[in-house]
Amino acid sequence: MTATHAGGLVAILAGALARLPGQPVLWVAFSGGGDSTALLEACTLAGAGPRLRAIHVNHGLAADADGWEDACRRFCAGRGIAFEARRVVVAGAGRGREAAARSARYAALAAALRPGEYLLTAHHADDQLETVLLHLARGSGVEGLAAMTALQPFGPGFLWRPLLDVPGDVLRGFVGERGLTVVSDPSNADVALDRNFLRARVVPPWRERWPHVARAVGRSARLAGEAAALLAERAAEDAVAVGRAPRLSVAALQALGDARQRNLLRWLARQAGLPVPPESTLRAGLAGLLDAGARSPAVRWPGAWLRRYRDHLYLFGDPGAAPGAGPPLPWPAGGSLDLGPWRGRLRLVTTDGPGLDPALVWPGLAVYFRAGAVRFRAAGDRHHRSFKYLCQSAGIVPWMRPHLPLVHGAADGPAAGRLLAIADRWISDDALAPPGGPALAVEWSAHPPES
């Protein structure tokens, strides 16, 4: 392609911009490299106008990082394009640094958007080909093989890849025709990085054999995307019977076939914002979990747990190592108390229903965790009950019982040493506020599901 590069790319973007609803603000992710430079220049020629912005993420990883940022700023200043740069800190080393840089970059880009705004990236058909191959090498299902989508929610706005069907040589030809100056990142030649290895060593012989391989793989990605959408629809239907995270019905799951069980759990993890369970983990552990009877075994993968208690599975994020009982924690009157991982946060709120007598709360409280036998007479109960009885009756899962906060009166207060409440579940009968008077309820939040 020769003279068609400039006109063709501008026409593609002009048509795409015309199809957008309204006149949203458009942010171009601008690295200063050839692809993003082509996208930004073409957007200006396509009539994006004053709603166009450029945003550059400085990772600080290369010696020339600040120079690249300055070059991007000058490019935009010469065209009257609003420019913003954001700096990020990238943790990780080796191959892990590539993923860490990407995560930091996208977090910074999402933070720049306001509701309804669009972030445009210069991903093209060659990038889609590489992404499909990467996911294929990692054993991904149809969700992964669908690779990049043209439009998706992103932060408070949208991530838009308007050039996903455009061959990379069209963008390179456009840069050459326009005589644009671009920055060059030497890390793009590092074949120790997976994507660079594919670009340098794998894709060229494929193109030699099948010149239109990027177009064909892009079509396969779209078909995989349709299949993934159908699987998501099926999972949403199955979730009506099984439930949403964190609490899932074992009987309803058992009524599904194995493939639908795994599909649903992957979908539920995504909906809950949790890491998706690996296929091997589900195949190895799910059947045993569903057949576990009254026991409470667990299936774990990085970042998430799936545990069983009685007739339900519980899907939740890994809260880290469980703490021991530890010493009592002072809880100043009127404040909130952060209890740490597993144990969440406590605060007192006024309530129109049954609650603690405010006179017992001052000058403060103390929070213990289960250590030995606990007996308690809850409001409305004529008998003292053991802690175990209360938890079993309420369906409190065994792994959370050691982490239920036991709220006592402070040592120097009017309820010194008395157990006043257990989390937000039970209030002691002799700690209730008088009828018609002010009352305080315990609010317990930010902890894994307890029932």
# chains A, B, ... in the order shown; residues from 1 in each chain; ligands from 1
$ closest_atom_pairs --of "region 264-339 of chain A" --to "region 366-380 of chain A" --cutoff "10 Å" --atoms "only C-alpha atoms" --output "CSV"
residue,atom,partner,partner_atom,distance
A:Gly324,CA,A:Phe369,CA,8.5
A:Ala325,CA,A:Phe369,CA,5.3
A:Gly326,CA,A:Phe369,CA,7.5
A:Pro327,CA,A:Tyr368,CA,7.1
A:Pro328,CA,A:Tyr368,CA,4.7
A:Leu329,CA,A:Val367,CA,5.0
A:Pro330,CA,A:Ala366,CA,4.5
A:Trp331,CA,A:Ala366,CA,5.3
A:Pro332,CA,A:Ala366,CA,8.3
A:Ala333,CA,A:Ala366,CA,9.9
A:Leu337,CA,A:Val367,CA,9.3
A:Leu339,CA,A:Val367,CA,9.1
$ residues_around --residues "Ala446 (chain A)" --least-positions-apart "6" --cutoff "10 Å" --atoms "only C-alpha atoms" --output "compact mmCIF listing (two decimals) with N, CA and C atoms, in the first residue's frame"
# COMPACT_ATOMS: atom_id res chain seq x y z
N ASP A 338 -10.38 -0.90 62.91
CA ASP A 338 -9.92 -1.79 61.85
C ASP A 338 -9.31 -3.01 62.51
N LEU A 339 -9.86 -4.19 62.21
CA LEU A 339 -9.42 -5.43 62.84
C LEU A 339 -8.41 -6.19 62.01
N GLY A 340 -8.19 -5.78 60.76
CA GLY A 340 -7.21 -6.44 59.92
C GLY A 340 -7.82 -7.49 59.01
N PRO A 341 -6.98 -8.18 58.21
CA PRO A 341 -7.47 -9.22 57.30
C PRO A 341 -8.30 -10.26 58.04
N TRP A 342 -9.27 -10.80 57.37
CA TRP A 342 -10.24 -11.77 57.89
C TRP A 342 -11.26 -11.11 58.81
N ARG A 343 -10.84 -10.10 59.57
CA ARG A 343 -11.67 -9.63 60.67
C ARG A 343 -12.38 -8.32 60.40
N GLY A 344 -12.02 -7.65 59.33
CA GLY A 344 -12.80 -6.52 58.86
C GLY A 344 -12.70 -5.28 59.73
N ARG A 345 -13.86 -4.60 59.85
CA ARG A 345 -13.91 -3.30 60.51
C ARG A 345 -15.20 -3.20 61.32
N LEU A 346 -15.09 -2.54 62.48
CA LEU A 346 -16.25 -2.34 63.35
C LEU A 346 -16.54 -0.85 63.49
$ residues_around --residues "Ala125 (chain A)" --least-positions-apart "5" --cutoff "10 Å" --atoms "only C-alpha atoms" --output "PyMOL selection string"
chain A and resi 130-131+163-169+213-218
$ write_last_selection --atoms "N, CA and C atoms" --output "compact mmCIF listing (two decimals), in the first residue's frame"
# COMPACT_ATOMS: atom_id res chain seq x y z
N GLU A 130 -0.89 -11.47 17.64
CA GLU A 130 0.05 -11.81 18.71
C GLU A 130 -0.68 -12.16 20.00
N THR A 131 -1.75 -11.43 20.29
CA THR A 131 -2.49 -11.68 21.53
C THR A 131 -3.15 -13.05 21.49
N LEU A 163 -8.75 0.57 15.51
CA LEU A 163 -7.94 0.09 14.39
C LEU A 163 -7.70 -1.42 14.47
N LEU A 164 -8.52 -2.14 15.20
CA LEU A 164 -8.25 -3.54 15.46
C LEU A 164 -8.28 -4.40 14.20
N ASP A 165 -8.97 -3.95 13.17
CA ASP A 165 -9.01 -4.69 11.91
C ASP A 165 -8.03 -4.14 10.86
N VAL A 166 -7.24 -3.17 11.24
CA VAL A 166 -6.33 -2.52 10.29
C VAL A 166 -4.95 -3.16 10.38
N PRO A 167 -4.36 -3.60 9.26
CA PRO A 167 -3.01 -4.18 9.30
C PRO A 167 -1.98 -3.17 9.80
N GLY A 168 -0.97 -3.67 10.48
CA GLY A 168 0.05 -2.80 11.03
C GLY A 168 0.80 -2.02 9.98
N ASP A 169 0.95 -2.59 8.77
CA ASP A 169 1.73 -1.87 7.76
C ASP A 169 1.01 -0.62 7.26
N VAL A 213 -2.76 -14.13 7.43
CA VAL A 213 -2.99 -14.83 8.69
C VAL A 213 -3.58 -13.89 9.75
N ALA A 214 -3.16 -12.63 9.78
CA ALA A 214 -3.69 -11.71 10.79
C ALA A 214 -5.18 -11.52 10.62
N ARG A 215 -5.62 -11.38 9.36
CA ARG A 215 -7.05 -11.22 9.10
C ARG A 215 -7.82 -12.47 9.50
N ALA A 216 -7.26 -13.65 9.19
CA ALA A 216 -7.94 -14.90 9.52
C ALA A 216 -8.03 -15.10 11.03
N VAL A 217 -6.93 -14.83 11.73
CA VAL A 217 -6.94 -15.00 13.19
C VAL A 217 -7.86 -13.97 13.84
N GLY A 218 -7.92 -12.77 13.27
CA GLY A 218 -8.86 -11.78 13.78
C GLY A 218 -10.30 -12.26 13.67
$ closest_residue --among "A:Pro50, A:Gly78, A:Gly60, A:Gly355" --to "Ala91 (chain A)" --atoms "only C-alpha atoms"
A:Gly60
$ residues_around --residues "region 413-420 of chain A" --least-positions-apart "5" --cutoff "7 Å" --atoms "only C-alpha atoms" --output "ChimeraX atom specification"
/A:360,362-364,406-408,427-428,431
$ write_last_selection --atoms "N, CA and C atoms" --output "mmCIF file, in the first residue's frame"
data_model
loop_
_atom_site.group_PDB
_atom_site.id
_atom_site.type_symbol
_atom_site.label_atom_id
_atom_site.label_comp_id
_atom_site.auth_asym_id
_atom_site.auth_seq_id
_atom_site.Cartn_x
_atom_site.Cartn_y
_atom_site.Cartn_z
ATOM 1 N N LEU A 360 -23.522 1.991 78.342
ATOM 2 C CA LEU A 360 -22.531 0.938 78.564
ATOM 3 C C LEU A 360 -21.318 1.081 77.649
ATOM 4 N N TRP A 362 -19.689 3.985 76.850
ATOM 5 C CA TRP A 362 -18.699 4.962 77.303
ATOM 6 C C TRP A 362 -18.021 4.448 78.563
ATOM 7 N N PRO A 363 -16.724 4.619 78.711
ATOM 8 C CA PRO A 363 -15.795 5.392 77.877
ATOM 9 C C PRO A 363 -15.189 4.611 76.722
ATOM 10 N N GLY A 364 -15.634 3.417 76.449
ATOM 11 C CA GLY A 364 -15.088 2.662 75.330
ATOM 12 C C GLY A 364 -15.382 1.184 75.470
ATOM 13 N N LEU A 406 -15.710 -10.316 69.483
ATOM 14 C CA LEU A 406 -16.466 -10.384 70.737
ATOM 15 C C LEU A 406 -16.317 -9.035 71.433
ATOM 16 N N VAL A 407 -17.383 -8.282 71.497
ATOM 17 C CA VAL A 407 -17.352 -6.906 71.982
ATOM 18 C C VAL A 407 -17.632 -6.893 73.487
ATOM 19 N N HIS A 408 -16.637 -6.481 74.258
ATOM 20 C CA HIS A 408 -16.733 -6.402 75.716
ATOM 21 C C HIS A 408 -16.732 -4.940 76.154
ATOM 22 N N ILE A 427 -26.719 -9.404 70.487
ATOM 23 C CA ILE A 427 -26.519 -8.455 71.572
ATOM 24 C C ILE A 427 -26.927 -9.148 72.865
ATOM 25 N N SER A 428 -26.144 -8.948 73.898
ATOM 26 C CA SER A 428 -26.487 -9.527 75.191
ATOM 27 C C SER A 428 -27.808 -8.956 75.695
ATOM 28 N N ALA A 431 -27.566 -6.009 77.885
ATOM 29 C CA ALA A 431 -26.882 -4.826 77.355
ATOM 30 C C ALA A 431 -27.790 -4.013 76.446
#
$ closest_residue --among "A:Thr37, A:Ser187, A:Thr121, A:Ser445" --to "Arg97 (chain A)" --atoms "only C-alpha atoms"
A:Ser187
$ closest_atom_pairs --of "region 165-276 of chain A" --to "region 139-149 of chain A" --cutoff "6 Å" --atoms "only C-alpha atoms" --output "CSV"
residue,atom,partner,partner_atom,distance
A:Ala221,CA,A:Ala146,CA,4.3
A:Ala224,CA,A:Ala146,CA,4.8
A:Gly225,CA,A:Ala146,CA,4.5
A:Ala228,CA,A:Glu143,CA,5.3
$ write_last_selection --atoms "N, CA and C atoms" --output "CSV table (one decimal), in the first residue's frame"
chain,number,residue,atom,x,y,z
A,221,ALA,N,-10.9,-14.7,16.4
A,221,ALA,CA,-11.0,-14.1,17.6
A,221,ALA,C,-12.5,-13.5,17.8
A,224,ALA,N,-14.6,-16.5,18.5
A,224,ALA,CA,-14.4,-16.9,19.9
A,224,ALA,C,-15.2,-15.9,20.9
A,225,GLY,N,-15.2,-14.6,20.5
A,225,GLY,CA,-15.9,-13.7,21.3
A,225,GLY,C,-17.4,-13.9,21.3
A,228,ALA,N,-17.8,-16.9,23.6
A,228,ALA,CA,-17.7,-16.4,25.0
A,228,ALA,C,-19.0,-15.7,25.5
$ closest_residue --among "A:Phe75, A:Leu290, A:Pro275, A:Gly335" --to "Gly303 (chain A)" --atoms "only C-alpha atoms"
A:Pro275
$ residues_around --residues "Val90 (chain A)" --least-positions-apart "5" --cutoff "12 Å" --atoms "only C-alpha atoms" --output "MDAnalysis selection string"
chainID A and resid 57:62 96:108
$ atom_distance --atom1 "CA of Ser36 (chain A)" --atom2 "CA of Leu113 (chain A)"
18.1 Å
$ closest_residue --among "A:Leu198, A:Ala227, A:Val397, A:Ala111" --to "Asp127 (chain A)" --atoms "only C-alpha atoms"
A:Leu198
$ select_by_dssp --residues "region 30-198 of chain A" --states "strand (DSSP E or B)" --output "compact mmCIF listing (two decimals) with N, CA and C atoms, in the first residue's frame"
# COMPACT_ATOMS: atom_id res chain seq x y z
N LEU A 52 -10.22 16.17 21.55
CA LEU A 52 -9.12 15.21 21.53
C LEU A 52 -8.09 15.55 22.60
N ARG A 53 -7.65 14.53 23.32
CA ARG A 53 -6.61 14.67 24.34
C ARG A 53 -5.58 13.56 24.10
N ALA A 54 -4.35 13.81 24.52
CA ALA A 54 -3.32 12.78 24.50
C ALA A 54 -2.82 12.56 25.91
N ILE A 55 -2.62 11.29 26.27
CA ILE A 55 -2.09 10.97 27.60
C ILE A 55 -0.91 10.02 27.45
N HIS A 56 0.17 10.36 28.11
CA HIS A 56 1.41 9.59 28.04
C HIS A 56 1.72 9.04 29.43
N VAL A 57 2.03 7.75 29.51
CA VAL A 57 2.41 7.13 30.79
C VAL A 57 3.91 6.91 30.78
N ASN A 58 4.57 7.53 31.74
CA ASN A 58 6.01 7.41 31.89
C ASN A 58 6.29 6.34 32.94
N ALA A 82 -4.34 18.91 23.56
CA ALA A 82 -4.16 18.89 25.02
C ALA A 82 -3.36 17.64 25.39
N PHE A 83 -2.38 17.82 26.27
CA PHE A 83 -1.46 16.72 26.61
C PHE A 83 -1.38 16.56 28.12
N GLU A 84 -1.34 15.32 28.55
CA GLU A 84 -1.16 15.02 29.97
C GLU A 84 -0.20 13.85 30.10
N ALA A 85 0.71 13.94 31.05
CA ALA A 85 1.65 12.84 31.33
C ALA A 85 1.43 12.35 32.76
N ARG A 86 1.49 11.06 32.92
CA ARG A 86 1.38 10.47 34.26
C ARG A 86 2.54 9.51 34.48
N ARG A 87 3.10 9.57 35.66
CA ARG A 87 4.22 8.70 36.01
C ARG A 87 3.73 7.59 36.91
N TYR A 118 -13.75 8.37 26.39
CA TYR A 118 -13.18 7.23 25.68
C TYR A 118 -11.66 7.29 25.71
N LEU A 119 -11.04 6.14 25.96
CA LEU A 119 -9.59 6.00 25.79
C LEU A 119 -9.35 5.21 24.51
N LEU A 120 -8.64 5.80 23.56
CA LEU A 120 -8.31 5.14 22.30
C LEU A 120 -6.89 4.59 22.37
N LEU A 151 -14.43 -2.52 21.74
CA LEU A 151 -14.99 -1.56 22.69
C LEU A 151 -15.38 -2.28 23.97
N GLN A 152 -15.00 -1.72 25.10
CA GLN A 152 -15.35 -2.33 26.38
C GLN A 152 -15.38 -1.26 27.45
N PRO A 153 -16.14 -1.49 28.53
CA PRO A 153 -16.11 -0.55 29.65
C PRO A 153 -14.70 -0.46 30.21
N PHE A 154 -14.35 0.73 30.68
CA PHE A 154 -13.00 0.95 31.19
C PHE A 154 -13.06 2.08 32.20
N GLY A 157 -15.35 5.15 31.98
CA GLY A 157 -15.68 5.38 30.57
C GLY A 157 -15.53 4.13 29.74
N PHE A 158 -14.83 4.25 28.61
CA PHE A 158 -14.72 3.13 27.67
C PHE A 158 -13.31 3.04 27.11
N LEU A 159 -12.89 1.82 26.82
CA LEU A 159 -11.64 1.57 26.10
C LEU A 159 -12.02 1.20 24.67
N TRP A 160 -11.47 1.94 23.72
CA TRP A 160 -11.85 1.77 22.31
C TRP A 160 -10.59 1.51 21.50
$ select_by_dssp --residues "region 46-106 of chain A" --states "alpha helix (DSSP H)" --output "PDB file with N, CA and C atoms, in the first residue's frame"
ATOM      1  N   ALA A  65      13.299   7.573  29.179  1.00  0.00           N
ATOM      2  CA  ALA A  65      11.870   7.720  29.465  1.00  0.00           C
ATOM      3  C   ALA A  65      11.447   9.187  29.531  1.00  0.00           C
ATOM      4  N   ASP A  66      12.243  10.026  30.185  1.00  0.00           N
ATOM      5  CA  ASP A  66      11.867  11.444  30.287  1.00  0.00           C
ATOM      6  C   ASP A  66      11.967  12.136  28.926  1.00  0.00           C
ATOM      7  N   GLY A  67      12.928  11.705  28.124  1.00  0.00           N
ATOM      8  CA  GLY A  67      13.039  12.268  26.777  1.00  0.00           C
ATOM      9  C   GLY A  67      11.850  11.906  25.915  1.00  0.00           C
ATOM     10  N   TRP A  68      11.351  10.689  26.062  1.00  0.00           N
ATOM     11  CA  TRP A  68      10.157  10.295  25.304  1.00  0.00           C
ATOM     12  C   TRP A  68       8.963  11.145  25.717  1.00  0.00           C
ATOM     13  N   GLU A  69       8.838  11.360  27.015  1.00  0.00           N
ATOM     14  CA  GLU A  69       7.734  12.195  27.495  1.00  0.00           C
ATOM     15  C   GLU A  69       7.821  13.598  26.903  1.00  0.00           C
ATOM     16  N   ASP A  70       9.025  14.173  26.882  1.00  0.00           N
ATOM     17  CA  ASP A  70       9.199  15.517  26.304  1.00  0.00           C
ATOM     18  C   ASP A  70       8.872  15.533  24.811  1.00  0.00           C
ATOM     19  N   ALA A  71       9.279  14.473  24.095  1.00  0.00           N
ATOM     20  CA  ALA A  71       8.988  14.403  22.665  1.00  0.00           C
ATOM     21  C   ALA A  71       7.483  14.359  22.414  1.00  0.00           C
ATOM     22  N   CYS A  72       6.749  13.617  23.242  1.00  0.00           N
ATOM     23  CA  CYS A  72       5.295  13.535  23.106  1.00  0.00           C
ATOM     24  C   CYS A  72       4.650  14.890  23.388  1.00  0.00           C
ATOM     25  N   ARG A  73       5.171  15.573  24.385  1.00  0.00           N
ATOM     26  CA  ARG A  73       4.628  16.881  24.727  1.00  0.00           C
ATOM     27  C   ARG A  73       4.823  17.863  23.569  1.00  0.00           C
ATOM     28  N   ARG A  74       6.030  17.842  22.970  1.00  0.00           N
ATOM     29  CA  ARG A  74       6.301  18.750  21.847  1.00  0.00           C
ATOM     30  C   ARG A  74       5.418  18.428  20.648  1.00  0.00           C
ATOM     31  N   PHE A  75       5.225  17.145  20.381  1.00  0.00           N
ATOM     32  CA  PHE A  75       4.378  16.733  19.255  1.00  0.00           C
ATOM     33  C   PHE A  75       2.975  17.316  19.422  1.00  0.00           C
ATOM     34  N   CYS A  76       2.437  17.194  20.619  1.00  0.00           N
ATOM     35  CA  CYS A  76       1.072  17.680  20.859  1.00  0.00           C
ATOM     36  C   CYS A  76       1.008  19.203  20.837  1.00  0.00           C
ATOM     37  N   ALA A  77       2.043  19.841  21.391  1.00  0.00           N
ATOM     38  CA  ALA A  77       2.049  21.307  21.397  1.00  0.00           C
ATOM     39  C   ALA A  77       2.054  21.857  19.976  1.00  0.00           C
ATOM     40  N   GLY A  78       2.759  21.173  19.082  1.00  0.00           N
ATOM     41  CA  GLY A  78       2.811  21.635  17.708  1.00  0.00           C
ATOM     42  C   GLY A  78       1.505  21.495  16.965  1.00  0.00           C
ATOM     43  N   ARG A  79       0.589  20.710  17.495  1.00  0.00           N
ATOM     44  CA  ARG A  79      -0.709  20.482  16.841  1.00  0.00           C
ATOM     45  C   ARG A  79      -1.874  21.008  17.667  1.00  0.00           C
ATOM     46  N   ARG A  95      10.486 -11.260  33.294  1.00  0.00           N
ATOM     47  CA  ARG A  95       9.267 -11.328  32.493  1.00  0.00           C
ATOM     48  C   ARG A  95       8.072 -10.755  33.235  1.00  0.00           C
ATOM     49  N   GLY A  96       8.123 -10.799  34.563  1.00  0.00           N
ATOM     50  CA  GLY A  96       7.022 -10.255  35.333  1.00  0.00           C
ATOM     51  C   GLY A  96       6.904  -8.755  35.232  1.00  0.00           C
ATOM     52  N   ARG A  97       7.999  -8.091  34.851  1.00  0.00           N
ATOM     53  CA  ARG A  97       7.967  -6.642  34.764  1.00  0.00           C
ATOM     54  C   ARG A  97       7.061  -6.170  33.635  1.00  0.00           C
ATOM     55  N   GLU A  98       6.981  -6.936  32.557  1.00  0.00           N
ATOM     56  CA  GLU A  98       6.127  -6.564  31.428  1.00  0.00           C
ATOM     57  C   GLU A  98       4.672  -6.485  31.863  1.00  0.00           C
ATOM     58  N   ALA A  99       4.205  -7.505  32.599  1.00  0.00           N
ATOM     59  CA  ALA A  99       2.825  -7.512  33.083  1.00  0.00           C
ATOM     60  C   ALA A  99       2.608  -6.416  34.121  1.00  0.00           C
ATOM     61  N   ALA A 100       3.604  -6.196  34.988  1.00  0.00           N
ATOM     62  CA  ALA A 100       3.471  -5.158  36.012  1.00  0.00           C
ATOM     63  C   ALA A 100       3.385  -3.780  35.377  1.00  0.00           C
ATOM     64  N   ALA A 101       4.184  -3.545  34.336  1.00  0.00           N
ATOM     65  CA  ALA A 101       4.136  -2.255  33.644  1.00  0.00           C
ATOM     66  C   ALA A 101       2.778  -2.047  32.984  1.00  0.00           C
ATOM     67  N   ARG A 102       2.255  -3.105  32.394  1.00  0.00           N
ATOM     68  CA  ARG A 102       0.949  -2.984  31.744  1.00  0.00           C
ATOM     69  C   ARG A 102      -0.136  -2.655  32.772  1.00  0.00           C
ATOM     70  N   SER A 103      -0.109  -3.346  33.924  1.00  0.00           N
ATOM     71  CA  SER A 103      -1.111  -3.094  34.965  1.00  0.00           C
ATOM     72  C   SER A 103      -1.023  -1.659  35.466  1.00  0.00           C
ATOM     73  N   ALA A 104       0.213  -1.192  35.706  1.00  0.00           N
ATOM     74  CA  ALA A 104       0.381   0.176  36.187  1.00  0.00           C
ATOM     75  C   ALA A 104      -0.080   1.186  35.143  1.00  0.00           C
ATOM     76  N   ARG A 105       0.220   0.904  33.890  1.00  0.00           N
ATOM     77  CA  ARG A 105      -0.159   1.816  32.802  1.00  0.00           C
ATOM     78  C   ARG A 105      -1.676   1.925  32.688  1.00  0.00           C
ATOM     79  N   TYR A 106      -2.357   0.796  32.678  1.00  0.00           N
ATOM     80  CA  TYR A 106      -3.813   0.841  32.507  1.00  0.00           C
ATOM     81  C   TYR A 106      -4.507   1.439  33.720  1.00  0.00           C
TER      82      TYR A 106
END
